[in-house]
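Engineer: Got a file for you: final_10.txt, compact mmCIF, C-alpha atoms (C1' of nucleotides).
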# COMPACT_ATOMS: atom_id res chain seq x y z
CA MET A 1 63.20 100.93 101.70
CA ALA A 2 65.69 102.54 99.32
CA ASP A 3 66.02 106.29 99.72
CA THR A 4 62.81 107.36 97.99
CA ALA A 5 63.59 111.06 98.07
CA PHE A 6 66.88 110.39 96.32
CA VAL A 7 65.27 108.16 93.70
CA ASN A 8 62.59 110.72 92.99
CA LYS A 9 65.10 113.49 92.59
CA ALA A 10 67.16 111.30 90.26
CA LYS A 11 64.07 110.47 88.20
CA GLN A 12 63.28 114.15 87.92
CA THR A 13 66.85 114.93 86.83
CA LEU A 14 66.64 112.25 84.14
CA ARG A 15 63.32 113.58 82.86
CA ASP A 16 64.51 117.19 82.97
CA ASN A 17 67.42 116.27 80.76
CA GLY A 18 65.36 114.30 78.28
CA TYR A 19 66.40 110.80 79.41
CA LYS A 20 63.99 107.93 79.87
CA LEU A 21 63.18 106.07 83.06
CA THR A 22 64.25 102.56 82.05
CA GLY A 23 64.49 99.32 83.97
CA PRO A 24 68.30 99.14 83.97
CA ARG A 25 68.59 102.75 85.16
CA LEU A 26 66.33 102.08 88.11
CA MET A 27 68.21 98.86 88.91
CA ILE A 28 71.49 100.71 89.02
CA LEU A 29 70.04 103.39 91.28
CA GLU A 30 68.50 100.80 93.57
CA PHE A 31 71.73 98.84 93.75
CA MET A 32 73.81 101.88 94.65
CA LEU A 33 71.33 102.97 97.30
CA GLU A 34 71.11 99.57 98.97
CA SER A 35 74.23 100.36 100.92
CA GLU A 36 75.66 103.78 100.23
CA ARG A 37 79.19 102.44 99.85
CA HIS A 38 81.87 103.34 97.36
CA TYR A 39 81.92 100.80 94.52
CA SER A 40 84.43 100.18 91.77
CA MET A 41 82.97 99.88 88.29
CA LYS A 42 83.67 96.17 88.41
CA GLU A 43 81.78 95.77 91.68
CA ILE A 44 78.80 97.57 90.18
CA CYS A 45 78.79 95.38 87.08
CA CYS A 46 79.20 92.12 88.99
CA GLY A 47 76.78 93.09 91.71
CA LEU A 48 74.09 94.02 89.23
CA GLN A 49 74.61 90.98 87.04
CA LYS A 50 74.30 88.75 90.08
CA LYS A 51 71.14 90.52 91.24
CA PHE A 52 69.41 91.13 87.93
CA SER A 53 70.86 88.74 85.40
CA GLY A 54 70.52 90.11 81.90
CA ILE A 55 71.86 93.60 82.45
CA GLY A 56 74.73 94.24 80.04
CA THR A 57 78.13 95.63 80.94
CA ALA A 58 77.84 98.32 78.29
CA THR A 59 74.58 99.47 79.82
CA VAL A 60 76.17 99.75 83.25
CA TYR A 61 79.06 101.79 81.88
CA ARG A 62 76.78 104.00 79.83
CA ASN A 63 74.49 104.76 82.73
CA VAL A 64 77.01 105.10 85.53
CA ASN A 65 78.74 107.68 83.35
CA LEU A 66 75.44 109.33 82.58
CA PHE A 67 74.62 109.54 86.29
CA LEU A 68 78.03 111.03 86.86
CA LYS A 69 77.41 113.68 84.23
CA LEU A 70 74.04 114.49 85.76
CA GLY A 71 75.49 114.69 89.27
CA ILE A 72 73.40 111.76 90.51
CA PHE A 73 76.58 109.83 91.26
CA ARG A 74 80.06 111.04 92.00
CA THR A 75 83.49 109.44 92.14
CA SER A 76 86.15 109.45 94.75
CA PRO A 77 89.76 108.58 94.11
CA VAL A 78 91.22 105.64 96.01
CA ASN A 79 94.85 104.61 96.43
CA ASN A 80 96.21 106.91 93.76
CA ASN A 81 94.95 104.71 90.96
CA GLN A 82 91.29 103.81 91.07
CA PHE A 83 87.97 105.58 91.08
CA TYR A 84 85.09 104.49 93.22
CA TYR A 85 81.52 105.46 92.51
CA THR A 86 78.91 106.47 94.99
CA VAL A 87 75.54 108.11 95.30
CA ASN A 88 75.92 111.88 95.38
CA GLN A 89 73.90 112.90 98.41
CA PRO A 90 73.52 116.67 98.48
CA GLY A 91 74.41 116.87 102.14
CA ASP A 92 77.66 114.95 101.66
CA ARG A 93 80.64 116.88 102.77
CA HIS A 94 83.04 114.62 100.84
CA HIS A 95 85.70 114.48 103.48
CA HIS A 96 87.67 111.27 103.77
CA MET A 97 90.43 109.95 105.96
CA ILE A 98 92.30 107.16 104.17
CA CYS A 99 94.76 104.87 105.92
CA LEU A 100 97.96 104.51 103.91
CA LYS A 101 98.63 101.10 105.42
CA CYS A 102 95.36 99.20 105.35
CA GLY A 103 93.25 101.36 103.04
CA THR A 104 90.46 101.98 105.55
CA ARG A 105 88.28 104.88 104.51
CA VAL A 106 86.46 106.98 107.05
CA GLU A 107 84.03 109.71 106.15
CA PHE A 108 84.00 112.64 108.55
CA ASN A 109 82.50 116.08 108.82
CA SER A 110 84.57 119.17 109.13
CA CYS A 111 82.67 122.14 110.41
CA SER A 112 85.54 124.45 109.58
CA PHE A 113 85.33 124.16 105.85
CA ALA A 114 83.04 127.12 105.44
CA PHE A 115 85.78 129.22 106.94
CA ILE A 116 88.37 127.97 104.48
CA ALA A 117 85.92 128.34 101.59
CA LYS A 118 85.71 132.08 102.18
CA GLU A 119 89.50 132.31 102.22
CA ILE A 120 89.69 130.40 98.92
CA GLU A 121 87.04 132.52 97.22
CA ASN A 122 88.94 135.65 98.18
CA LYS A 123 92.22 134.23 96.96
CA THR A 124 91.13 132.68 93.66
CA HIS A 125 87.96 134.65 92.81
CA PHE A 126 86.23 131.38 92.00
CA GLU A 127 82.63 130.74 93.03
CA ILE A 128 82.68 127.51 95.05
CA TYR A 129 80.05 124.82 94.45
CA ASP A 130 81.53 121.71 95.95
CA HIS A 131 84.72 120.14 97.21
CA THR A 132 86.44 116.96 98.33
CA LEU A 133 89.06 116.67 100.99
CA GLU A 134 91.13 113.48 101.05
CA VAL A 135 93.38 113.14 104.05
CA TYR A 136 96.01 110.41 104.13
CA GLY A 137 97.60 108.97 107.23
CA LEU A 138 97.57 106.03 109.58
CA CYS A 139 94.42 104.76 111.22
CA PRO A 140 94.43 104.07 114.98
CA GLY A 141 94.84 100.33 114.35
CA CYS A 142 97.88 100.66 112.10
CA LEU A 143 99.37 103.31 114.35
CA ALA A 144 99.23 100.85 117.26
CA LYS A 145 100.82 98.12 115.12
CA LYS A 146 103.56 100.48 114.00
CA LYS A 147 104.40 101.30 117.62
CA ASP A 148 104.53 97.58 118.45
CA ILE A 149 106.96 96.99 115.59
CA ALA A 150 109.17 99.88 116.65
CA ARG A 151 109.20 98.48 120.18
CA ASN A 152 110.23 94.99 118.96
CA ARG A 153 112.73 96.26 116.38
CA THR A 154 111.14 94.11 113.65
CA ALA A 155 111.45 95.07 109.98
CA ASP A 156 108.37 95.97 107.93
CA MET B 1 118.13 122.99 84.65
CA ALA B 2 115.95 120.18 86.00
CA ASP B 3 115.31 120.36 89.73
CA THR B 4 118.59 118.86 90.95
CA ALA B 5 117.55 118.73 94.59
CA PHE B 6 114.46 116.77 93.64
CA VAL B 7 116.41 114.37 91.43
CA ASN B 8 118.96 113.76 94.16
CA LYS B 9 116.30 113.08 96.72
CA ALA B 10 114.57 110.69 94.32
CA LYS B 11 117.86 108.90 93.65
CA GLN B 12 118.39 108.54 97.37
CA THR B 13 114.90 107.17 97.86
CA LEU B 14 115.49 104.59 95.12
CA ARG B 15 118.81 103.51 96.66
CA ASP B 16 117.35 103.41 100.17
CA ASN B 17 114.70 101.03 98.98
CA GLY B 18 117.09 98.77 97.09
CA TYR B 19 116.21 99.94 93.57
CA LYS B 20 118.78 100.70 90.89
CA LEU B 21 119.42 104.02 89.18
CA THR B 22 118.71 103.06 85.59
CA GLY B 23 118.57 105.06 82.39
CA PRO B 24 114.79 104.77 81.91
CA ARG B 25 114.15 105.80 85.52
CA LEU B 26 116.22 108.94 85.12
CA MET B 27 114.52 109.71 81.81
CA ILE B 28 111.12 109.51 83.40
CA LEU B 29 112.20 111.75 86.26
CA GLU B 30 113.73 114.26 83.86
CA PHE B 31 110.65 114.27 81.67
CA MET B 32 108.30 114.89 84.60
CA LEU B 33 110.48 117.67 85.95
CA GLU B 34 110.83 119.49 82.64
CA SER B 35 107.53 121.18 83.27
CA GLU B 36 105.89 120.24 86.53
CA ARG B 37 102.54 119.66 84.92
CA HIS B 38 99.99 116.95 85.55
CA TYR B 39 100.34 114.22 82.92
CA SER B 40 98.10 111.32 82.02
CA MET B 41 99.85 107.95 81.73
CA LYS B 42 99.42 108.17 77.97
CA GLU B 43 101.07 111.58 77.82
CA ILE B 44 104.02 110.25 79.79
CA CYS B 45 104.42 107.23 77.51
CA CYS B 46 104.09 109.24 74.27
CA GLY B 47 106.23 112.09 75.50
CA LEU B 48 109.02 109.77 76.56
CA GLN B 49 108.88 107.66 73.43
CA LYS B 50 109.13 110.82 71.32
CA LYS B 51 112.06 112.13 73.37
CA PHE B 52 113.97 108.92 74.01
CA SER B 53 112.91 106.40 71.42
CA GLY B 54 113.37 102.88 72.67
CA ILE B 55 111.76 103.19 76.09
CA GLY B 56 109.03 100.57 76.42
CA THR B 57 105.49 101.14 77.59
CA ALA B 58 105.80 98.42 80.22
CA THR B 59 108.85 100.16 81.66
CA VAL B 60 106.98 103.43 81.93
CA TYR B 61 104.07 101.78 83.70
CA ARG B 62 106.34 99.83 86.01
CA ASN B 63 108.33 102.86 87.03
CA VAL B 64 105.61 105.44 87.28
CA ASN B 65 103.86 103.05 89.64
CA LEU B 66 107.09 102.47 91.52
CA PHE B 67 107.59 106.22 91.90
CA LEU B 68 104.04 106.49 93.14
CA LYS B 69 104.66 103.82 95.75
CA LEU B 70 107.85 105.55 96.86
CA GLY B 71 106.13 108.94 97.06
CA ILE B 72 108.31 110.42 94.32
CA PHE B 73 105.24 111.02 92.19
CA ARG B 74 101.64 111.45 93.17
CA THR B 75 98.32 111.41 91.32
CA SER B 76 95.49 113.82 91.24
CA PRO B 77 92.01 112.95 90.09
CA VAL B 78 90.63 114.88 87.13
CA ASN B 79 87.06 115.08 85.84
CA ASN B 80 85.72 112.21 87.91
CA ASN B 81 87.36 109.61 85.70
CA GLN B 82 91.08 110.01 85.08
CA PHE B 83 94.23 110.19 87.11
CA TYR B 84 97.02 112.58 86.30
CA TYR B 85 100.55 112.06 87.52
CA THR B 86 102.87 114.69 88.80
CA VAL B 87 106.09 115.17 90.70
CA ASN B 88 105.43 115.08 94.43
CA GLN B 89 107.15 118.20 95.68
CA PRO B 90 107.33 118.09 99.48
CA GLY B 91 106.16 121.70 99.79
CA ASP B 92 103.06 121.01 97.69
CA ARG B 93 99.92 121.68 99.58
CA HIS B 94 97.82 119.79 97.02
CA HIS B 95 95.00 122.27 96.96
CA HIS B 96 93.22 122.74 93.67
CA MET B 97 90.40 124.87 92.40
CA ILE B 98 88.81 123.29 89.35
CA CYS B 99 86.41 125.12 87.08
CA LEU B 100 83.34 123.00 86.34
CA LYS B 101 82.78 124.82 83.05
CA CYS B 102 86.16 125.12 81.38
CA GLY B 103 88.28 122.70 83.42
CA THR B 104 90.87 125.26 84.46
CA ARG B 105 92.93 124.02 87.38
CA VAL B 106 94.47 126.47 89.80
CA GLU B 107 96.78 125.45 92.61
CA PHE B 108 96.51 127.58 95.74
CA ASN B 109 97.77 127.61 99.26
CA SER B 110 95.56 127.50 102.26
CA CYS B 111 97.20 128.57 105.46
CA SER B 112 94.26 127.33 107.49
CA PHE B 113 94.71 123.67 106.86
CA ALA B 114 96.86 123.06 109.91
CA PHE B 115 93.90 124.20 111.97
CA ILE B 116 91.55 121.73 110.32
CA ALA B 117 94.15 118.96 110.57
CA LYS B 118 94.11 119.18 114.34
CA GLU B 119 90.33 118.99 114.33
CA ILE B 120 90.46 115.89 112.11
CA GLU B 121 93.07 114.13 114.20
CA ASN B 122 90.95 114.65 117.28
CA LYS B 123 87.84 113.41 115.55
CA THR B 124 89.23 110.35 113.76
CA HIS B 125 92.32 109.47 115.83
CA PHE B 126 94.29 109.10 112.61
CA GLU B 127 97.83 110.41 112.28
CA ILE B 128 97.84 112.73 109.28
CA TYR B 129 100.64 112.57 106.72
CA ASP B 130 99.24 114.29 103.67
CA HIS B 131 96.07 115.51 102.06
CA THR B 132 94.48 116.84 98.90
CA LEU B 133 91.70 119.36 98.70
CA GLU B 134 89.82 119.62 95.41
CA VAL B 135 87.41 122.50 95.20
CA TYR B 136 84.93 122.73 92.34
CA GLY B 137 83.26 125.87 91.11
CA LEU B 138 83.31 128.50 88.43
CA CYS B 139 86.44 130.43 87.54
CA PRO B 140 86.27 134.23 87.22
CA GLY B 141 86.12 133.97 83.42
CA CYS B 142 83.20 131.53 83.33
CA LEU B 143 81.43 133.44 86.08
CA ALA B 144 81.57 136.58 83.94
CA LYS B 145 80.26 134.68 80.89
CA LYS B 146 77.43 133.20 82.96
CA LYS B 147 76.37 136.65 84.07
CA ASP B 148 76.43 137.85 80.45
CA ILE B 149 74.22 134.98 79.39
CA ALA B 150 71.77 135.64 82.20
CA ARG B 151 71.66 139.27 81.13
CA ASN B 152 70.95 138.36 77.48
CA ARG B 153 68.50 135.55 78.27
CA THR B 154 70.45 133.17 75.99
CA ALA B 155 70.34 129.41 76.52
CA ASP B 156 73.50 127.44 77.43
C1' DA C 1 54.67 105.12 66.26
C1' DT C 2 58.95 107.00 67.39
C1' DC C 3 63.34 107.25 68.80
C1' DG C 4 66.17 106.68 72.87
C1' DT C 5 67.87 102.62 75.15
C1' DT C 6 69.26 97.89 75.49
C1' DG C 7 72.07 93.44 75.22
C1' DC C 8 75.26 91.31 72.70
C1' DA C 9 79.51 90.68 70.37
C1' DA C 10 83.22 92.70 68.36
C1' DA C 11 86.60 96.38 68.46
C1' DA C 12 89.49 99.51 70.67
C1' DG C 13 92.14 100.88 74.32
C1' DT C 14 94.79 100.15 78.56
C1' DT C 15 97.67 97.62 81.71
C1' DT C 16 100.22 93.48 82.99
C1' DT C 17 103.07 89.47 82.23
C1' DG C 18 106.65 86.20 80.45
C1' DC C 19 111.00 85.96 78.81
C1' DA C 20 115.61 86.41 76.98
C1' DC C 21 118.85 90.03 77.05
C1' DT C 22 121.20 94.01 79.30
C1' DC C 23 123.50 96.74 82.54
C1' DA C 24 124.08 99.00 87.37
C1' DA C 25 126.16 97.79 91.51
C1' DT D 1 129.49 88.65 88.13
C1' DT D 2 124.78 88.62 88.97
C1' DG D 3 120.21 89.64 89.82
C1' DA D 4 117.29 93.63 89.12
C1' DG D 5 115.58 96.01 85.26
C1' DT D 6 114.63 96.31 80.29
C1' DG D 7 112.18 96.04 75.62
C1' DC D 8 109.28 93.41 73.15
C1' DA D 9 105.25 90.80 72.07
C1' DA D 10 101.52 88.43 73.79
C1' DA D 11 97.94 88.08 77.17
C1' DA D 12 94.67 89.95 80.20
C1' DC D 13 91.69 93.21 81.37
C1' DT D 14 88.74 97.42 80.78
C1' DT D 15 85.91 100.40 78.17
C1' DT D 16 83.56 101.77 73.91
C1' DT D 17 81.05 101.04 69.66
C1' DG D 18 77.88 99.15 66.05
C1' DC D 19 73.66 97.28 65.44
C1' DA D 20 69.22 94.93 65.41
C1' DA D 21 65.61 94.43 68.66
C1' DC D 22 62.99 96.51 72.39
C1' DG D 23 60.11 99.49 75.13
C1' DA D 24 59.04 104.23 77.45
C1' DT D 25 56.71 108.08 76.18
Output the file's structure in the form of structure tokens.

Structural biologist:
Amino acid sequence: MADTAFVNKAKQTLRDNGYKLTGPRLMILEFMLESERHYSMKEICCGLQKKFSGIGTATVYRNVNLFLKLGIFRTSPVNNNQFYYTVNQPGDRHHHMICLKCGTRVEFNSCSFAFIAKEIENKTHFEIYDHTLEVYGLCPGCLAKKKDIARNRTAD
Amino acid sequence: MADTAFVNKAKQTLRDNGYKLTGPRLMILEFMLESERHYSMKEICCGLQKKFSGIGTATVYRNVNLFLKLGIFRTSPVNNNQFYYTVNQPGDRHHHMICLKCGTRVEFNSCSFAFIAKEIENKTHFEIYDHTLEVYGLCPGCLAKKKDIARNRTAD
DNA sequence: ATCGTTGCAAAAGTTTTGCACTCAA
DNA sequence: TTGAGTGCAAAACTTTTGCAACGAT
């Protein structure tokens, strides 16, 4: 059901780094894989405590941060002031369109990034491993609303 | 000394949105413009309280967040778990190279983004206002060290 | 059997709020 | 003159830590 390949790879990463395969760690993994959404820390804590009562907040914090360190999870910044956590799928291109009005987040693929990557490597002499591209604007829905408002001369 | 054009534009933005031009607000602006670095909220609070004793923490929080809302400041995510604040210069392209080893942050320009922007607008039907591109990898210095280590067969 | 991991509760740290006073417009 | 903005202190919220008990290896 949950992404077995991902779980196995995570287990291996834990083992390789000398960490144990404990109940709470597997719960957290399972929870995050159930729907591969972006969760705030609070959502993860609440969600897990509802599902598996008995898991402590400290444990969630400790392990989410551990998973982050091991690259099993990653964060993405939302609204200038909060981090959301998500499963770090290797194929993820980490490109997001974020609506400035309603906060909608859309993940998209950009096939042109490889092209830009080369340009960046030449310019900075860094060796590129990964990247995130966050694009801010108005989603089609809010764009339509904005045009309506302009048409009716109504204030925001 | 401080970026007068930026200050004037910020003042105008405040006025346009019905906010007053107060002492603390100008202090915060001045502080952030002194060196256009990325500051954590704590650094801003401490720095300001050292420079202009008497400015309250609540005031700093209130106004940094106000400036964020008005687009006078912006944040950038650092190390998966903290936001840093900086002056939002209109010319900023918001492209960063971050070294995974030593944390060095390099700002660079990518002339190709306009090309990708078009592609994204077509794909998502969003109207693009702004973006940030965070690229992770190894900086030239750490790359060199890594090669040394490989050569000497020394563990990390 | 050992030692990393856990849950709990307390501590520490961060951000927000309530309020009387102040000051920009 | 007056309401938005301020500093302060308290409250609320978030994250970390200390520790005895537990359980994966």

Engineer: Can you move chain A onto chain B by a least-squares fit over all C-alpha atoms paired in order, then give me the moved copy as a CSV table (one decimal) with C-alpha atoms, in the coordinates of the input?

Structural biologist:
chain,number,residue,atom,x,y,z
A,1,MET,CA,118.5,122.7,85.1
A,2,ALA,CA,116.1,120.1,86.3
A,3,ASP,CA,115.5,120.2,90.1
A,4,THR,CA,118.7,118.6,91.2
A,5,ALA,CA,117.7,118.3,94.9
A,6,PHE,CA,114.6,116.5,93.8
A,7,VAL,CA,116.5,114.1,91.5
A,8,ASN,CA,119.0,113.4,94.2
A,9,LYS,CA,116.4,112.6,96.8
A,10,ALA,CA,114.6,110.4,94.3
A,11,LYS,CA,117.9,108.5,93.5
A,12,GLN,CA,118.4,108.0,97.2
A,13,THR,CA,114.9,106.7,97.7
A,14,LEU,CA,115.4,104.2,94.8
A,15,ARG,CA,118.7,103.0,96.3
A,16,ASP,CA,117.3,102.8,99.8
A,17,ASN,CA,114.6,100.5,98.5
A,18,GLY,CA,116.9,98.3,96.6
A,19,TYR,CA,116.1,99.6,93.1
A,20,LYS,CA,118.6,100.4,90.4
A,21,LEU,CA,119.3,103.8,88.9
A,22,THR,CA,118.6,103.0,85.2
A,23,GLY,CA,118.4,105.1,82.1
A,24,PRO,CA,114.6,104.9,81.7
A,25,ARG,CA,114.0,105.8,85.3
A,26,LEU,CA,116.2,108.9,85.0
A,27,MET,CA,114.4,109.9,81.7
A,28,ILE,CA,111.1,109.7,83.4
A,29,LEU,CA,112.2,111.8,86.3
A,30,GLU,CA,113.7,114.4,84.0
A,31,PHE,CA,110.6,114.5,81.8
A,32,MET,CA,108.3,115.1,84.8
A,33,LEU,CA,110.6,117.7,86.2
A,34,GLU,CA,110.9,119.7,83.0
A,35,SER,CA,107.6,121.4,83.7
A,36,GLU,CA,106.0,120.4,86.9
A,37,ARG,CA,102.6,119.9,85.3
A,38,HIS,CA,100.0,117.2,85.8
A,39,TYR,CA,100.3,114.5,83.1
A,40,SER,CA,98.0,111.7,82.1
A,41,MET,CA,99.7,108.4,81.7
A,42,LYS,CA,99.3,108.7,78.0
A,43,GLU,CA,101.0,112.1,77.9
A,44,ILE,CA,103.9,110.6,79.8
A,45,CYS,CA,104.3,107.7,77.4
A,46,CYS,CA,103.9,109.8,74.3
A,47,GLY,CA,106.1,112.6,75.6
A,48,LEU,CA,108.9,110.2,76.5
A,49,GLN,CA,108.7,108.2,73.3
A,50,LYS,CA,109.0,111.5,71.3
A,51,LYS,CA,111.9,112.7,73.4
A,52,PHE,CA,113.8,109.4,73.9
A,53,SER,CA,112.7,107.0,71.2
A,54,GLY,CA,113.2,103.4,72.4
A,55,ILE,CA,111.6,103.6,75.8
A,56,GLY,CA,108.8,101.0,76.1
A,57,THR,CA,105.3,101.6,77.3
A,58,ALA,CA,105.5,98.8,79.8
A,59,THR,CA,108.6,100.4,81.3
A,60,VAL,CA,106.8,103.7,81.7
A,61,TYR,CA,103.9,102.0,83.4
A,62,ARG,CA,106.1,100.0,85.6
A,63,ASN,CA,108.2,102.9,86.7
A,64,VAL,CA,105.5,105.5,87.1
A,65,ASN,CA,103.7,103.1,89.4
A,66,LEU,CA,107.0,102.4,91.2
A,67,PHE,CA,107.5,106.1,91.7
A,68,LEU,CA,104.0,106.4,93.0
A,69,LYS,CA,104.6,103.6,95.5
A,70,LEU,CA,107.8,105.2,96.7
A,71,GLY,CA,106.1,108.6,97.0
A,72,ILE,CA,108.3,110.2,94.3
A,73,PHE,CA,105.2,110.9,92.2
A,74,ARG,CA,101.7,111.4,93.3
A,75,THR,CA,98.3,111.4,91.4
A,76,SER,CA,95.5,113.9,91.4
A,77,PRO,CA,92.0,113.1,90.3
A,78,VAL,CA,90.7,115.1,87.4
A,79,ASN,CA,87.1,115.4,86.1
A,80,ASN,CA,85.7,112.5,88.1
A,81,ASN,CA,87.3,110.0,85.8
A,82,GLN,CA,91.0,110.4,85.2
A,83,PHE,CA,94.2,110.4,87.2
A,84,TYR,CA,97.0,112.8,86.5
A,85,TYR,CA,100.5,112.2,87.6
A,86,THR,CA,102.9,114.8,89.0
A,87,VAL,CA,106.1,115.1,90.9
A,88,ASN,CA,105.5,114.9,94.6
A,89,GLN,CA,107.3,118.0,96.0
A,90,PRO,CA,107.4,117.8,99.8
A,91,GLY,CA,106.3,121.4,100.2
A,92,ASP,CA,103.2,120.8,98.0
A,93,ARG,CA,100.0,121.6,99.8
A,94,HIS,CA,97.9,119.7,97.2
A,95,HIS,CA,95.1,122.2,97.1
A,96,HIS,CA,93.3,122.6,93.8
A,97,MET,CA,90.5,124.8,92.4
A,98,ILE,CA,89.0,123.1,89.4
A,99,CYS,CA,86.6,124.9,87.1
A,100,LEU,CA,83.5,122.7,86.3
A,101,LYS,CA,83.0,124.4,83.0
A,102,CYS,CA,86.4,124.7,81.3
A,103,GLY,CA,88.5,122.3,83.5
A,104,THR,CA,91.1,125.0,84.5
A,105,ARG,CA,93.1,123.8,87.4
A,106,VAL,CA,94.6,126.3,89.8
A,107,GLU,CA,96.9,125.3,92.7
A,108,PHE,CA,96.6,127.5,95.7
A,109,ASN,CA,97.9,127.6,99.3
A,110,SER,CA,95.6,127.6,102.2
A,111,CYS,CA,97.2,128.7,105.4
A,112,SER,CA,94.2,127.6,107.5
A,113,PHE,CA,94.7,123.9,106.9
A,114,ALA,CA,96.8,123.4,110.0
A,115,PHE,CA,93.9,124.6,112.0
A,116,ILE,CA,91.5,122.1,110.4
A,117,ALA,CA,94.1,119.3,110.7
A,118,LYS,CA,94.0,119.6,114.5
A,119,GLU,CA,90.2,119.4,114.5
A,120,ILE,CA,90.4,116.3,112.3
A,121,GLU,CA,93.0,114.6,114.5
A,122,ASN,CA,90.8,115.2,117.6
A,123,LYS,CA,87.7,113.9,115.8
A,124,THR,CA,89.1,110.8,114.1
A,125,HIS,CA,92.2,110.0,116.3
A,126,PHE,CA,94.2,109.5,113.1
A,127,GLU,CA,97.7,110.8,112.8
A,128,ILE,CA,97.8,113.0,109.7
A,129,TYR,CA,100.6,112.8,107.1
A,130,ASP,CA,99.3,114.4,104.0
A,131,HIS,CA,96.1,115.6,102.4
A,132,THR,CA,94.5,116.9,99.1
A,133,LEU,CA,91.8,119.4,98.9
A,134,GLU,CA,89.9,119.6,95.5
A,135,VAL,CA,87.5,122.5,95.3
A,136,TYR,CA,85.1,122.6,92.4
A,137,GLY,CA,83.4,125.7,91.0
A,138,LEU,CA,83.5,128.3,88.3
A,139,CYS,CA,86.6,130.2,87.4
A,140,PRO,CA,86.4,134.0,86.9
A,141,GLY,CA,86.3,133.6,83.1
A,142,CYS,CA,83.4,131.2,83.1
A,143,LEU,CA,81.6,133.1,85.8
A,144,ALA,CA,81.7,136.2,83.6
A,145,LYS,CA,80.4,134.2,80.6
A,146,LYS,CA,77.6,132.7,82.7
A,147,LYS,CA,76.5,136.2,83.7
A,148,ASP,CA,76.5,137.3,80.0
A,149,ILE,CA,74.3,134.4,79.1
A,150,ALA,CA,71.9,135.1,81.9
A,151,ARG,CA,71.7,138.7,80.7
A,152,ASN,CA,71.0,137.7,77.1
A,153,ARG,CA,68.6,134.9,78.0
A,154,THR,CA,70.5,132.4,75.8
A,155,ALA,CA,70.3,128.7,76.4
A,156,ASP,CA,73.5,126.8,77.4

Engineer: Which one of A:Cys45, A:Met27, A:Met32, A:Ala10 sits closest to chain D if you count all atoms listed in the file?

Structural biologist: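 For chain D, the nearest of the candidates is A:Cys45.
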
Engineer: Go through chain C and flag each residue having an atom no more than 9 Å from segment 5-22 of chain D; for those, report the closest pair of atoms plus their distance in Å to one decimal, using only C-alpha atoms (C1' of nucleotides), ordered by chain and rising number, as a Markdown table.

Structural biologist:
| residue | atom | partner | partner_atom | distance |
| --- | --- | --- | --- | --- |
| C:DT5 | C1' | D:DC22 | C1' | 8.3 |
| C:DT6 | C1' | D:DC22 | C1' | 7.1 |
| C:DA10 | C1' | D:DG18 | C1' | 8.7 |
| C:DA11 | C1' | D:DT17 | C1' | 7.3 |
| C:DA12 | C1' | D:DT16 | C1' | 7.1 |
| C:DG13 | C1' | D:DT15 | C1' | 7.3 |
| C:DT14 | C1' | D:DT14 | C1' | 7.0 |
| C:DT15 | C1' | D:DC13 | C1' | 7.4 |
| C:DT16 | C1' | D:DA12 | C1' | 7.1 |
| C:DT17 | C1' | D:DA11 | C1' | 7.3 |
| C:DG18 | C1' | D:DA10 | C1' | 8.7 |
| C:DC21 | C1' | D:DT6 | C1' | 8.2 |
| C:DT22 | C1' | D:DT6 | C1' | 7.0 |
| C:DC23 | C1' | D:DG5 | C1' | 8.4 |

Engineer: For Thr86 of chain A, which residue out of A:Ile116, A:Leu143, A:Val7, A:Leu29 is the nearest one, using all atoms listed in the file?

Structural biologist: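 Looking at the shortest contact to Thr86 of chain A, the residue is A:Leu29.
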
Engineer: Report, in Å with one decimal, the straight-line distance from atom CA of Cys142 of chain A to atom CA of His94 of chain B.

Structural biologist: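 Straight-line distance from atom CA of Cys142 of chain A to atom CA of His94 of chain B works out to 24.4 Å.
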
Engineer: For Lys51 of chain A, please output as a ChimeraX atom specification all residues within 12 Å (counting only C-alpha atoms (C1' of nucleotides); exclusion window: fewer than 6 positions along the same chain).

Structural biologist: /A:24,27-28,30-31,34,43-45

Engineer: Padding of 6 Å on every side, edges along x, y and z, all listed atoms of segment 7-11 of chain B included: what centre and edge lengths in Å, to one decimal, does that box have, as JSON?

Structural biologist:
{"center_x": 116.8, "center_y": 111.6, "center_z": 94.1, "size_x": 16.4, "size_y": 17.5, "size_z": 17.3}

Engineer: I'd like the interatomic distance between atom CA of Thr13 of chain A and atom CA of Leu70 of chain A, to a tenth of an Å.

Structural biologist: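 Calculated distance between atom CA of Thr13 of chain A and atom CA of Leu70 of chain A is 7.3 Å.
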
Engineer: Report, in Å with one decimal, the straight-line distance from atom CA of Phe52 of chain B to atom CA of Asn88 of chain B.

Structural biologist: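 Taking atom CA of Phe52 of chain B as the start and atom CA of Asn88 of chain B as the end point, the length is 23.0 Å.
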
Engineer: Which residues come within 8 Å of Phe83 of chain A, counting all atoms listed in the file, excluding same-chain residues fewer than 3 positions away, as a compact mmCIF listing (two decimals) with C-alpha atoms, keeping the file's coordinate frame?

Structural biologist:
# COMPACT_ATOMS: atom_id res chain seq x y z
CA SER A 40 84.43 100.18 91.77
CA THR A 75 83.49 109.44 92.14
CA SER A 76 86.15 109.45 94.75
CA PRO A 77 89.76 108.58 94.11
CA VAL A 78 91.22 105.64 96.01
CA ASN B 80 85.72 112.21 87.91
CA ASN B 81 87.36 109.61 85.70

Engineer: Any idea which chain B residues end up within 10 Å of chain D if we count only C-alpha atoms (C1' of nucleotides), as an NGL selection string please?

Structural biologist: :B and (18-25 or 54-59)

Engineer: For chain C, which residue out of A:Lys42, A:Arg62, A:Lys50, A:Arg74 is the nearest one, using all atoms listed in the file?

Structural biologist: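 Counting all atoms listed in the file, the residue closest to chain C is A:Arg62.
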